[in-house]
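**Q** Structure file work16.txt (compact mmCIF, C-alpha atoms) is given on the next line.
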```txt
# COMPACT_ATOMS: atom_id res chain seq x y z
CA MET A 1 66.31 -82.47 -57.86
CA ASN A 2 66.41 -83.73 -54.30
CA ASP A 3 69.02 -81.09 -53.42
CA GLN A 4 66.84 -78.33 -54.86
CA LYS A 5 63.76 -79.58 -53.03
CA LYS A 6 65.78 -79.64 -49.79
CA LYS A 7 66.89 -76.04 -50.33
CA LEU A 8 63.30 -74.91 -50.76
CA ASN A 9 62.09 -76.89 -47.75
CA ASP A 10 64.97 -75.56 -45.63
CA PHE A 11 64.06 -72.04 -46.73
CA LEU A 12 60.49 -72.55 -45.54
CA HIS A 13 61.67 -74.28 -42.35
CA ASP A 14 63.83 -71.27 -41.41
CA ILE A 15 60.94 -68.91 -42.01
CA LYS A 16 58.17 -70.78 -40.16
CA PRO A 17 59.18 -69.69 -36.60
CA TRP A 18 58.63 -66.09 -37.78
CA LYS A 19 55.45 -66.83 -39.73
CA LYS A 20 53.19 -64.70 -37.49
CA TYR A 21 55.38 -61.65 -38.05
CA LEU A 22 55.73 -61.87 -41.84
CA PRO A 23 53.25 -60.86 -44.56
CA HIS A 24 50.96 -63.78 -45.36
CA GLN A 25 51.65 -63.48 -49.08
CA TRP A 26 55.36 -64.11 -48.50
CA ILE A 27 54.60 -67.46 -46.90
CA VAL A 28 52.06 -68.37 -49.59
CA LEU A 29 54.65 -67.57 -52.26
CA ILE A 30 57.12 -70.11 -50.85
CA GLU A 31 54.51 -72.77 -50.14
CA THR A 32 53.17 -72.40 -53.69
CA LYS A 33 56.68 -72.70 -55.10
CA ILE A 34 57.26 -75.95 -53.19
CA SER A 35 53.88 -77.34 -54.23
CA ASN A 36 54.53 -76.48 -57.88
CA PHE A 37 58.03 -77.93 -57.61
CA ASN A 38 56.60 -81.24 -56.40
CA ASP A 39 54.06 -81.30 -59.25
CA GLU A 40 56.70 -80.42 -61.85
CA GLU A 41 59.04 -83.06 -60.45
CA LEU A 42 56.39 -85.79 -60.71
CA GLU A 43 55.51 -84.72 -64.22
CA LEU A 44 59.17 -84.67 -65.29
CA LYS A 45 59.89 -88.07 -63.77
CA SER A 46 56.80 -89.49 -65.47
CA GLU A 47 57.86 -88.06 -68.82
CA ILE A 48 61.40 -89.45 -68.48
CA SER A 49 60.01 -92.84 -67.47
CA LYS A 50 57.76 -92.94 -70.54
CA LEU A 51 60.62 -92.01 -72.87
CA LEU A 52 62.93 -94.63 -71.37
CA PHE A 53 60.22 -97.28 -71.68
CA ALA A 54 59.66 -96.30 -75.29
CA ILE A 55 63.40 -96.45 -76.06
CA ARG A 56 63.64 -99.90 -74.49
CA SER A 57 60.74 -100.89 -76.74
CA ASN A 58 62.82 -99.77 -79.74
CA GLU A 59 60.76 -96.64 -80.37
CA PRO A 60 62.82 -93.70 -81.78
CA LYS A 61 62.52 -91.43 -78.71
CA GLU A 62 66.24 -90.75 -78.09
CA THR A 63 66.05 -87.28 -79.66
CA GLU A 64 63.17 -86.28 -77.37
CA LEU A 65 65.08 -87.51 -74.31
CA ILE A 66 68.25 -85.64 -75.32
CA LYS A 67 66.21 -82.48 -75.92
CA LEU A 68 64.60 -82.85 -72.50
CA ILE A 69 67.97 -83.29 -70.77
CA GLN A 70 69.61 -80.41 -72.64
CA GLY A 71 66.77 -78.06 -71.75
CA PHE A 72 66.66 -79.04 -68.08
CA SER A 73 68.51 -75.89 -66.98
CA GLU A 74 65.33 -73.93 -67.75
CA HIS A 75 63.05 -76.41 -66.00
CA PRO A 76 61.39 -75.20 -62.74
CA CYS A 77 63.13 -78.03 -60.84
CA SER A 78 66.64 -77.16 -62.02
CA SER A 79 69.30 -75.76 -59.71
CA ILE A 80 69.45 -72.58 -61.80
CA GLU A 81 65.73 -71.87 -61.45
CA THR A 82 65.77 -72.76 -57.75
CA GLU A 83 68.67 -70.39 -57.08
CA LYS A 84 66.87 -67.66 -59.05
CA PHE A 85 63.84 -68.06 -56.81
CA LEU A 86 65.89 -68.01 -53.59
CA LYS A 87 67.86 -64.97 -54.73
CA LYS A 88 64.72 -63.13 -55.80
CA ASN A 89 63.19 -63.71 -52.36
CA LYS A 90 66.26 -63.19 -50.18
CA ASN A 91 64.49 -60.14 -48.78
CA ILE A 92 62.51 -62.57 -46.60
CA LYS A 93 65.70 -63.80 -44.94
CA THR A 94 66.88 -60.20 -44.60
CA LYS A 95 63.62 -59.31 -42.88
CA ILE A 96 63.99 -62.23 -40.45
CA ASN A 97 67.59 -61.25 -39.68
CA ASN A 98 66.43 -57.72 -38.88
CA LEU A 99 63.57 -58.95 -36.70
CA GLN A 100 65.97 -61.27 -34.91
CA THR A 101 68.36 -58.37 -34.29
CA ILE A 102 65.53 -56.30 -32.86
CA SER A 103 63.83 -59.02 -30.84
CA SER A 104 65.35 -62.50 -30.77
CA ASN A 105 62.66 -63.62 -28.29
CA LYS A 106 59.91 -61.91 -30.35
CA ASN A 107 58.63 -60.01 -27.29
CA GLU A 108 58.66 -56.66 -29.08
CA LEU A 109 57.08 -57.94 -32.30
CA LEU A 110 53.38 -57.48 -32.97
CA GLU A 111 51.03 -59.62 -34.97
CA GLU A 112 48.50 -57.79 -37.13
CA ILE A 113 46.76 -54.96 -35.27
CA ASP A 114 43.74 -52.86 -36.25
CA SER A 115 45.41 -49.54 -35.50
CA ILE A 116 48.26 -48.13 -33.44
CA GLU A 117 45.89 -45.93 -31.43
CA ASP A 118 43.60 -48.83 -30.53
CA TYR A 119 46.52 -51.01 -29.54
CA ILE A 120 48.27 -48.56 -27.22
CA GLN A 121 45.12 -47.21 -25.53
CA ASP A 122 45.26 -50.08 -23.03
CA PHE A 123 48.72 -48.97 -21.92
CA ASP A 124 48.05 -45.45 -20.61
CA ASP A 125 50.15 -46.20 -17.53
CA ASN A 126 53.18 -47.04 -19.64
CA GLU A 127 55.75 -45.13 -21.59
CA ILE A 128 55.96 -46.58 -25.09
CA TYR A 129 58.66 -46.69 -27.74
CA LEU A 130 57.52 -47.70 -31.24
CA LEU A 131 60.09 -48.58 -33.88
CA HIS A 132 58.59 -48.04 -37.35
CA ILE A 133 60.22 -50.15 -40.07
CA CYS A 134 59.58 -51.61 -43.51
CA GLU A 135 61.54 -53.15 -46.37
CA GLU A 136 61.10 -50.06 -48.55
CA TRP A 137 62.77 -47.79 -46.01
CA LEU A 138 65.60 -50.26 -45.48
CA ASN A 139 66.32 -50.25 -49.21
CA GLN A 140 66.04 -46.48 -49.49
CA ASN A 141 68.25 -45.65 -46.51
CA LYS A 142 69.93 -48.69 -45.02
CA LYS A 143 72.27 -46.61 -42.85
CA ASN A 144 69.40 -44.84 -41.09
CA SER A 145 67.42 -48.06 -40.62
CA ILE A 146 70.39 -49.80 -39.00
CA LYS A 147 71.02 -46.82 -36.70
CA GLN A 148 67.37 -46.72 -35.65
CA ILE A 149 67.40 -50.44 -34.86
CA LYS A 150 70.61 -50.06 -32.86
CA TYR A 151 69.25 -47.14 -30.86
CA PHE A 152 65.99 -48.99 -30.21
CA ASN A 153 68.02 -51.90 -28.80
CA ASN A 154 70.06 -49.52 -26.64
CA LEU A 155 66.87 -48.04 -25.22
CA LYS A 156 65.54 -51.52 -24.50
CA ASN A 157 68.71 -52.50 -22.70
CA ASN A 158 68.68 -49.33 -20.59
CA GLU A 159 65.05 -49.94 -19.58
CA LYS A 160 65.21 -53.73 -19.21
CA ASP A 161 64.34 -53.58 -15.49
CA ASN A 162 61.54 -51.05 -15.91
CA GLU A 163 58.18 -52.80 -16.31
CA ASN A 164 56.45 -49.48 -17.03
CA VAL A 165 58.18 -49.01 -20.38
CA LYS A 166 56.99 -50.92 -23.45
CA PHE A 167 58.87 -51.49 -26.68
CA TRP A 168 57.13 -52.61 -29.87
CA VAL A 169 57.84 -52.79 -33.57
CA ILE A 170 55.43 -51.45 -36.19
CA ASP A 171 56.42 -53.31 -39.35
CA TYR A 172 54.51 -51.91 -42.33
CA ASP A 173 55.30 -54.97 -44.44
CA LEU A 174 53.11 -56.93 -42.03
CA GLN A 175 50.82 -54.03 -41.05
CA SER A 176 50.28 -52.96 -44.67
CA HIS A 177 46.76 -51.73 -43.87
CA LEU A 178 48.14 -49.01 -41.58
CA VAL A 179 48.85 -45.54 -42.91
CA LYS A 180 52.59 -44.88 -42.96
CA GLU A 181 52.84 -41.82 -40.76
CA PRO A 182 56.64 -41.52 -40.91
CA ALA A 183 58.58 -41.51 -44.19
CA LYS A 184 61.56 -43.51 -42.93
CA SER A 185 62.59 -45.91 -40.19
CA VAL A 186 62.14 -44.02 -36.95
CA ILE A 187 61.34 -44.38 -33.23
CA TYR A 188 58.28 -42.69 -31.71
CA TYR A 189 58.05 -42.07 -27.97
CA TYR A 190 54.70 -41.91 -26.15
CA LEU A 191 54.21 -40.49 -22.67
CA ARG A 192 52.10 -42.31 -20.08
CA ASN A 193 48.98 -40.40 -21.10
CA GLY A 194 49.28 -41.74 -24.66
CA SER A 195 50.47 -38.49 -26.24
CA ILE A 196 53.46 -38.47 -28.59
CA ASP A 197 56.48 -36.77 -27.03
CA SER A 198 58.91 -37.45 -29.89
CA CYS A 199 58.52 -38.47 -33.53
CA ASP A 200 62.25 -39.18 -33.85
CA VAL A 201 63.90 -40.22 -30.59
CA LEU A 202 67.30 -40.78 -32.19
CA LYS A 203 67.37 -37.33 -33.82
CA ASP A 204 66.27 -35.68 -30.59
CA SER A 205 69.01 -37.54 -28.69
CA LEU A 206 71.62 -35.82 -30.86
CA SER A 207 70.44 -32.34 -29.91
CA GLU A 208 70.17 -32.73 -26.13
CA LEU A 209 70.31 -35.29 -23.36
CA SER A 210 66.96 -36.59 -22.17
CA ARG A 211 66.11 -36.63 -18.47
CA LYS A 212 66.46 -40.41 -18.53
CA GLN A 213 69.93 -40.20 -20.07
CA ILE A 214 71.03 -37.62 -17.52
CA SER A 215 69.69 -39.76 -14.68
CA SER A 216 71.36 -42.92 -15.98
CA ILE A 217 74.74 -41.29 -16.64
CA SER A 218 74.66 -39.41 -13.32
CA LYS A 219 74.05 -42.67 -11.47
CA GLU A 220 77.35 -44.03 -12.81
CA ASN A 221 79.15 -40.67 -12.57
CA PRO A 222 77.80 -39.02 -9.38
CA ASN A 223 80.83 -36.73 -9.20
CA LEU A 224 79.68 -34.90 -12.37
CA THR A 225 77.03 -32.18 -12.24
CA GLU A 226 74.23 -31.94 -14.79
CA ARG A 227 75.99 -28.95 -16.34
CA ASP A 228 79.19 -31.02 -16.62
CA LEU A 229 77.28 -33.75 -18.46
CA LYS A 230 75.62 -31.32 -20.85
CA ASN A 231 78.96 -29.69 -21.64
CA LYS A 232 80.61 -33.06 -22.24
CA PHE A 233 77.69 -34.11 -24.42
CA GLN A 234 77.96 -30.98 -26.55
CA GLU A 235 81.70 -31.51 -26.99
CA PHE A 236 81.03 -35.13 -27.96
CA ILE A 237 78.38 -34.21 -30.56
CA ASN A 238 80.57 -31.45 -32.02
CA ILE A 239 83.30 -34.03 -32.70
CA TYR A 240 80.99 -36.95 -33.55
CA PRO A 241 77.83 -35.40 -35.08
CA ASP A 242 76.24 -38.78 -35.76
CA GLY A 243 76.41 -39.51 -32.02
CA GLU A 244 78.74 -42.51 -32.22
CA LEU A 245 82.44 -43.27 -32.15
CA ALA A 246 84.40 -46.35 -33.14
CA LYS A 247 87.20 -47.97 -31.16
CA GLU A 248 89.86 -45.65 -32.63
CA GLY A 249 87.87 -42.58 -31.56
CA PHE A 250 87.32 -44.13 -28.14
CA ILE A 251 91.09 -44.46 -27.67
CA ARG A 252 91.59 -40.81 -28.71
CA GLU A 253 88.97 -39.58 -26.24
CA MET A 254 90.40 -41.61 -23.35
CA LYS A 255 93.84 -40.25 -24.20
CA LYS A 256 92.50 -36.77 -23.42
CA ASN A 257 91.63 -37.95 -19.90
CA PHE A 258 94.97 -39.74 -19.44
CA PRO A 259 97.56 -37.70 -21.39
CA GLU A 260 100.51 -39.42 -19.68
CA GLY A 261 99.25 -42.93 -20.33
CA ASP A 262 98.51 -45.34 -23.13
CA PRO A 263 94.77 -46.18 -23.13
CA THR A 264 94.95 -48.73 -25.97
CA GLU A 265 94.72 -51.95 -23.95
CA PHE A 266 92.22 -50.49 -21.49
CA CYS A 267 90.00 -49.37 -24.36
CA LYS A 268 90.14 -52.82 -25.95
CA LEU A 269 88.89 -54.38 -22.71
CA ALA A 270 86.33 -51.68 -21.90
CA PHE A 271 84.98 -51.41 -25.44
CA GLU A 272 83.96 -55.07 -25.51
CA THR A 273 82.07 -54.52 -22.26
CA ILE A 274 80.24 -51.28 -22.96
CA TYR A 275 79.11 -51.51 -26.57
CA LYS A 276 75.91 -53.43 -26.02
CA ASP A 277 74.72 -54.14 -29.56
CA LYS A 278 78.07 -55.35 -30.92
CA SER A 279 77.89 -52.87 -33.80
CA GLY A 280 81.49 -51.70 -33.43
CA LYS A 281 80.50 -48.21 -32.22
CA ILE A 282 79.42 -46.64 -28.94
CA ASN A 283 77.18 -43.67 -28.15
CA PHE A 284 77.64 -40.93 -25.56
CA SER A 285 75.98 -42.85 -22.73
CA GLU A 286 78.20 -45.87 -23.37
CA PHE A 287 81.26 -43.62 -23.52
CA MET A 288 80.38 -42.16 -20.13
CA THR A 289 80.17 -45.70 -18.74
CA ALA A 290 83.83 -46.09 -19.73
CA VAL A 291 84.65 -42.82 -17.98
CA ALA A 292 82.90 -44.10 -14.84
CA ILE A 293 85.13 -47.20 -14.75
CA THR A 294 88.10 -45.00 -13.89
CA ASN A 295 86.40 -41.96 -12.42
CA SER A 296 83.16 -42.81 -10.60
CA SER A 297 83.01 -41.59 -7.00
CA ASP A 298 80.54 -44.35 -6.08
CA PRO A 299 82.57 -47.39 -4.92
CA GLU A 300 79.81 -49.95 -5.56
CA ILE A 301 79.12 -48.73 -9.10
CA ARG A 302 82.82 -48.57 -9.85
CA LEU A 303 83.38 -52.12 -8.60
CA HIS A 304 80.43 -53.32 -10.69
CA LEU A 305 81.95 -51.73 -13.80
CA ILE A 306 85.44 -53.02 -13.00
CA PHE A 307 84.04 -56.55 -12.64
CA SER A 308 82.34 -56.20 -16.04
CA VAL A 309 85.65 -55.22 -17.64
CA CYS A 310 87.57 -57.99 -15.86
CA ASP A 311 84.99 -60.50 -17.11
CA TYR A 312 86.26 -60.00 -20.66
CA ASP A 313 85.47 -63.58 -21.67
CA HIS A 314 81.85 -63.19 -20.44
CA ILE A 315 81.70 -66.22 -18.14
CA LYS A 316 80.23 -64.32 -15.15
CA THR A 317 83.24 -65.16 -12.95
CA ILE A 318 86.76 -63.77 -12.68
CA GLY A 319 90.03 -65.13 -11.33
CA VAL A 320 93.62 -64.04 -10.81
CA ARG A 321 94.40 -63.80 -14.54
CA HIS A 322 91.43 -61.49 -15.14
CA ILE A 323 92.42 -59.14 -12.33
CA VAL A 324 96.09 -59.15 -13.41
CA LYS A 325 95.03 -58.15 -16.93
CA TYR A 326 92.94 -55.28 -15.57
CA ILE A 327 95.69 -54.01 -13.25
CA GLU A 328 98.20 -54.05 -16.11
CA THR A 329 95.88 -52.05 -18.38
CA ILE A 330 95.31 -49.49 -15.61
CA GLN A 331 99.07 -49.18 -15.12
CA GLU A 332 99.47 -48.44 -18.84
CA LEU A 333 96.49 -46.09 -18.78
CA ASN A 334 97.97 -43.94 -16.03
CA ASN A 335 101.62 -43.93 -17.08
CA ALA A 336 102.84 -45.32 -20.38
CA SER A 337 106.50 -44.61 -19.57
CA LEU A 338 106.62 -47.13 -16.71
CA SER A 339 107.16 -50.79 -17.53
CA ILE A 340 104.42 -53.16 -16.43
CA ASN A 341 105.20 -54.91 -13.16
CA THR A 342 103.46 -58.25 -13.71
CA PRO A 343 104.72 -59.90 -10.47
CA GLU A 344 103.34 -57.01 -8.44
CA ALA A 345 100.06 -57.12 -10.35
CA LYS A 346 99.79 -60.84 -9.71
CA SER A 347 100.50 -60.35 -6.00
CA ILE A 348 97.74 -57.74 -5.74
CA ALA A 349 95.33 -59.97 -7.68
CA GLU A 350 96.04 -62.90 -5.38
CA GLN A 351 95.38 -60.73 -2.32
CA ILE A 352 92.06 -59.58 -3.80
CA MET A 353 91.08 -63.17 -4.55
CA LYS A 354 92.05 -64.22 -1.03
CA ILE A 355 89.71 -61.61 0.43
CA CYS A 356 86.81 -62.07 -2.02
CA ASN A 357 86.86 -65.80 -2.65
CA LYS A 358 85.25 -67.03 0.57
CA ASN A 359 84.57 -70.57 -0.64
CA ARG A 360 88.09 -70.95 -2.09
CA ASP A 361 86.92 -72.25 -5.48
CA GLY A 362 89.40 -70.08 -7.35
CA VAL A 363 86.85 -67.78 -8.98
CA VAL A 364 84.77 -64.80 -7.85
CA VAL A 365 81.25 -63.81 -8.91
CA GLU A 366 80.13 -60.19 -9.07
CA ASN A 367 78.45 -60.06 -5.66
CA GLU A 368 81.57 -61.42 -3.94
CA PHE A 369 83.73 -58.88 -5.76
CA ILE A 370 81.52 -55.92 -4.84
CA GLU A 371 80.80 -56.87 -1.23
CA TRP A 372 84.34 -57.66 -0.05
```
The structure given in the file should be rewritten as structure tokens.
**A**
Amino acid sequence: MNDQKKKLNDFLHDIKPWKKYLPHQWIVLIETKISNFNDEELELKSEISKLLFAIRSNEPKETELIKLIQGFSEHPCSSIETEKFLKKNKNIKTKINNLQTISSNKNELLEEIDSIEDYIQDFDDNEIYLLHICEEWLNQNKKNSIKQIKYFNNLKNNEKDNENVKFWVIDYDLQSHLVKEPAKSVIYYYLRNGSIDSCDVLKDSLSELSRKQISSISKENPNLTERDLKNKFQEFINIYPDGELAKEGFIREMKKNFPEGDPTEFCKLAFETIYKDKSGKINFSEFMTAVAITNSSDPEIRLHLIFSVCDYDHIKTIGVRHIVKYIETIQELNNASLSINTPEAKSIAEQIMKICNKNRDGVVVENEFIEW
């Protein structure tokens, strides 16, 4: 029984950090289960103790003890009943996993609010993105819910340095008193005056590029006109109507830009850098970041992106081996028929390090790499 009690207590322990963002009745359910478990355990131990005492006193209680032991699998303290409870309430862990995916630091999560309108009225000077979610919608259409969460996270990442944009989650499991305006998981976008500009940001993003997307992509690809971007976007959506492509599709698209080369190794490196939510797929904006790595006319932006790709082990510094790997992938990307010249790549990498690495510690940080 100690193992079962530990499982229940561990379950509650994992949930407590998220207590403010979960329906109160979910917490009460677990706490009540643990309290009842403790009472049932004491009662069972007392009953067993009485039977054993009676048997030692030569009273004919063996049959009752055997019956009690044989029926233990149906007792509330048994492993079977405990596992049933945990399985029945696994939705709580699922909810926490989703909340953690959306906001690991809980900054975008709201405690109970009176109404959406009352809450956002104090933020007239801010643009606001509201992700509407609930367990019911996740069960009805898991694919859509996951895509909405991913897109919400992408938006957050793109606006992480913009203090005038707010991101919050409206969770109808917690905010059960609110009227469910949408009928599925979805992102609303509010302008600075508090008016709703979009009731489905993800859907709208698949029909045309927003001004913010155009601005962000143009910053990394200044050599492309707005018309170029819109044409590329339309081509992308025609091929990938859900707005995303996996690594295999990424390789195919890069092959179009480098028909004489083999983009496989480059795409492996770049993909790990540009897909921000680690979902295994990238959207159009992320794809255009990959294009900018090889095609941007802005030297500083291009060096920033190259450093990100070279830092494939995510340690914020690069050395000779990182640069050699990048040079070799670029050689393959441009001309697959030529054999890789590793000695030459190493010589170039060493020259770059000699120029960038002013303090001679053998590694280069991003600023050193960009400013050399």
**Q** Need the shell around Ile196 in chain A: protein/DNA/RNA residues with any atom at most 10 Å away, counting only C-alpha atoms. Skip same-chain ones fewer than 6 positions apart. Format as a compact mmCIF listing (two decimals) with C-alpha atoms, keeping the file's coordinate frame?
**A**
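What follows is the written file out_35.txt:
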```
# COMPACT_ATOMS: atom_id res chain seq x y z
CA GLU A 127 55.75 -45.13 -21.59
CA ILE A 128 55.96 -46.58 -25.09
CA TYR A 129 58.66 -46.69 -27.74
CA TYR A 188 58.28 -42.69 -31.71
CA TYR A 189 58.05 -42.07 -27.97
CA TYR A 190 54.70 -41.91 -26.15
```
**Q** Go through A:Ile69, A:Val186, A:Val291, A:Val324 and flag the residue nearest Ile149 in chain A, using all atoms listed in the file for the distances.
**A**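 Ranking A:Ile69, A:Val186, A:Val291, A:Val324 by distance to Ile149 in chain A, first place goes to A:Val186.
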**Q** Find the distance between CA of His304 in chain A and CA of Ile237 in chain A and write it in Å to one decimal.
**A**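 Atom-to-atom, CA of His304 in chain A and CA of Ile237 in chain A are spaced 27.6 Å apart.
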**Q** So how many Å separate CA of Met1 in chain A and CA of Glu31 in chain A, to one decimal?
**A**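 So the answer is 17.1 Å.
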**Q** For Glu135 in chain A, which of A:Tyr172, A:Tyr151, A:Phe123, A:Phe37 is the closest residue, counting all atoms listed in the file?
**A**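 Nearest candidate to Glu135 in chain A out of A:Tyr172, A:Tyr151, A:Phe123, A:Phe37: A:Tyr172.
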**Q** Nearest to Val365 in chain A among A:Ser297, A:Thr82, A:Thr317, A:Ser73, with distances taken over only C-alpha atoms: which residue is it?
**A** A:Thr317
**Q** Please indicate the distance in Å from CA of Arg321 in chain A to CA of Ile355 in chain A, rounded to one decimal place.
**A**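 CA of Arg321 in chain A sits 15.8 Å away from CA of Ile355 in chain A.
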**Q** Return as JSON the centre and edge lengths, in Å with one decimal, of the box along x, y and z that encloses every atom of range 110-118 of chain A in the file, padded by 6 Å per side.
**A**
```
{"center_x": 48.5, "center_y": -52.8, "center_z": -33.8, "size_x": 21.8, "size_y": 25.7, "size_z": 18.6}
```
**Q** Looking at all atoms listed in the file, which of A:Gln175, A:Gln121, A:Ser46, A:Thr94 is the one that sits closest to His24 in chain A?
**A**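 With all atoms listed in the file as the atom set, the closest residue is A:Gln175.
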**Q** Using all atoms listed in the file, determine which residues lie at most 12 Å from Lys84 in chain A, disregarding the query and same-chain residues fewer than 3 positions distant; provide the list as a ChimeraX atom specification.
**A** /A:4,8,73-81,87-90
**Q** Take the residues that were just selected and, keeping C-alpha atoms, output them as a CSV table (one decimal), in the coordinates of the input.
**A**
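Here's the written file selection-v1.csv:
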```csv
chain,number,residue,atom,x,y,z
A,4,GLN,CA,66.8,-78.3,-54.9
A,8,LEU,CA,63.3,-74.9,-50.8
A,73,SER,CA,68.5,-75.9,-67.0
A,74,GLU,CA,65.3,-73.9,-67.8
A,75,HIS,CA,63.0,-76.4,-66.0
A,76,PRO,CA,61.4,-75.2,-62.7
A,77,CYS,CA,63.1,-78.0,-60.8
A,78,SER,CA,66.6,-77.2,-62.0
A,79,SER,CA,69.3,-75.8,-59.7
A,80,ILE,CA,69.4,-72.6,-61.8
A,81,GLU,CA,65.7,-71.9,-61.4
A,87,LYS,CA,67.9,-65.0,-54.7
A,88,LYS,CA,64.7,-63.1,-55.8
A,89,ASN,CA,63.2,-63.7,-52.4
A,90,LYS,CA,66.3,-63.2,-50.2
```
**Q** Looking at all atoms listed in the file, which of A:Ile55, A:Phe287, A:Ile48, A:Ser115 is the one that sits closest to Phe72 in chain A?
**A**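 Smallest separation from Phe72 in chain A among the options: A:Ile48.
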**Q** For the interface of range 11-60 of chain A with range 104-114 of chain A (cut-off 12 Å, counting only C-alpha atoms), please tabulate each contacting residue of range 11-60 of chain A alongside its nearest pair of atoms and their separation in Å to one decimal, rows sorted by chain and increasing number, as a tab-separated table.
**A**
```
residue	atom	partner	partner_atom	distance
A:Pro17	CA	A:Lys106	CA	10.0
A:Trp18	CA	A:Lys106	CA	8.6
A:Lys19	CA	A:Glu111	CA	9.7
A:Lys20	CA	A:Glu111	CA	6.1
A:Tyr21	CA	A:Glu111	CA	5.7
A:Leu22	CA	A:Glu111	CA	8.6
A:Pro23	CA	A:Glu112	CA	9.3
A:His24	CA	A:Glu112	CA	10.5
```
**Q** Just the residues within 12 Å of Lys156 in chain A, please, counting only C-alpha atoms, with nothing from its chain fewer than 5 positions along; format it as number ranges by chain.
**A** A: 102-103, 107-108, 128-131, 149-151, 161-169, 276-277
**Q** Can you spit out the residues from that selection as a PDB file, in the frame of the given file, using C-alpha atoms?
**A**
```pdb
ATOM      1  CA  ILE A 102      65.530 -56.300 -32.860  1.00  0.00           C
ATOM      2  CA  SER A 103      63.830 -59.020 -30.840  1.00  0.00           C
ATOM      3  CA  ASN A 107      58.630 -60.010 -27.290  1.00  0.00           C
ATOM      4  CA  GLU A 108      58.660 -56.660 -29.080  1.00  0.00           C
ATOM      5  CA  ILE A 128      55.960 -46.580 -25.090  1.00  0.00           C
ATOM      6  CA  TYR A 129      58.660 -46.690 -27.740  1.00  0.00           C
ATOM      7  CA  LEU A 130      57.520 -47.700 -31.240  1.00  0.00           C
ATOM      8  CA  LEU A 131      60.090 -48.580 -33.880  1.00  0.00           C
ATOM      9  CA  ILE A 149      67.400 -50.440 -34.860  1.00  0.00           C
ATOM     10  CA  LYS A 150      70.610 -50.060 -32.860  1.00  0.00           C
ATOM     11  CA  TYR A 151      69.250 -47.140 -30.860  1.00  0.00           C
ATOM     12  CA  ASP A 161      64.340 -53.580 -15.490  1.00  0.00           C
ATOM     13  CA  ASN A 162      61.540 -51.050 -15.910  1.00  0.00           C
ATOM     14  CA  GLU A 163      58.180 -52.800 -16.310  1.00  0.00           C
ATOM     15  CA  ASN A 164      56.450 -49.480 -17.030  1.00  0.00           C
ATOM     16  CA  VAL A 165      58.180 -49.010 -20.380  1.00  0.00           C
ATOM     17  CA  LYS A 166      56.990 -50.920 -23.450  1.00  0.00           C
ATOM     18  CA  PHE A 167      58.870 -51.490 -26.680  1.00  0.00           C
ATOM     19  CA  TRP A 168      57.130 -52.610 -29.870  1.00  0.00           C
ATOM     20  CA  VAL A 169      57.840 -52.790 -33.570  1.00  0.00           C
ATOM     21  CA  LYS A 276      75.910 -53.430 -26.020  1.00  0.00           C
ATOM     22  CA  ASP A 277      74.720 -54.140 -29.560  1.00  0.00           C
TER      23      ASP A 277
END
```
**Q** Applying 10 Å and all atoms listed in the file, which residues near range 223-225 of chain A remain after dropping the ones on its own chain fewer than 2 positions away? List them as an MDAnalysis selection string.
**A** chainID A and resid 214 217:221 227:231 292 295:298
**Q** Within 12 Å of Ile315 in chain A, counting all atoms listed in the file, which residues show up once you throw out same-chain ones fewer than 4 positions away? Write them as JSON, numbers by chain, please.
**A** {"A": [307, 308, 309, 310, 311, 319, 322, 363, 364, 365, 366]}
**Q** Output C-alpha atoms of each residue in that selection to a file, as a PDB file, keeping the file's coordinate frame.
**A**
```pdb
ATOM      1  CA  PHE A 307      84.040 -56.550 -12.640  1.00  0.00           C
ATOM      2  CA  SER A 308      82.340 -56.200 -16.040  1.00  0.00           C
ATOM      3  CA  VAL A 309      85.650 -55.220 -17.640  1.00  0.00           C
ATOM      4  CA  CYS A 310      87.570 -57.990 -15.860  1.00  0.00           C
ATOM      5  CA  ASP A 311      84.990 -60.500 -17.110  1.00  0.00           C
ATOM      6  CA  GLY A 319      90.030 -65.130 -11.330  1.00  0.00           C
ATOM      7  CA  HIS A 322      91.430 -61.490 -15.140  1.00  0.00           C
ATOM      8  CA  VAL A 363      86.850 -67.780  -8.980  1.00  0.00           C
ATOM      9  CA  VAL A 364      84.770 -64.800  -7.850  1.00  0.00           C
ATOM     10  CA  VAL A 365      81.250 -63.810  -8.910  1.00  0.00           C
ATOM     11  CA  GLU A 366      80.130 -60.190  -9.070  1.00  0.00           C
TER      12      GLU A 366
END
```
**Q** I'd like to know which of A:Leu51, A:Cys267, A:Ile318, A:Leu86 is closest to Lys33 in chain A, using all atoms listed in the file.
**A**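 Residue with the minimum atom-to-atom distance to Lys33 in chain A: A:Leu86.
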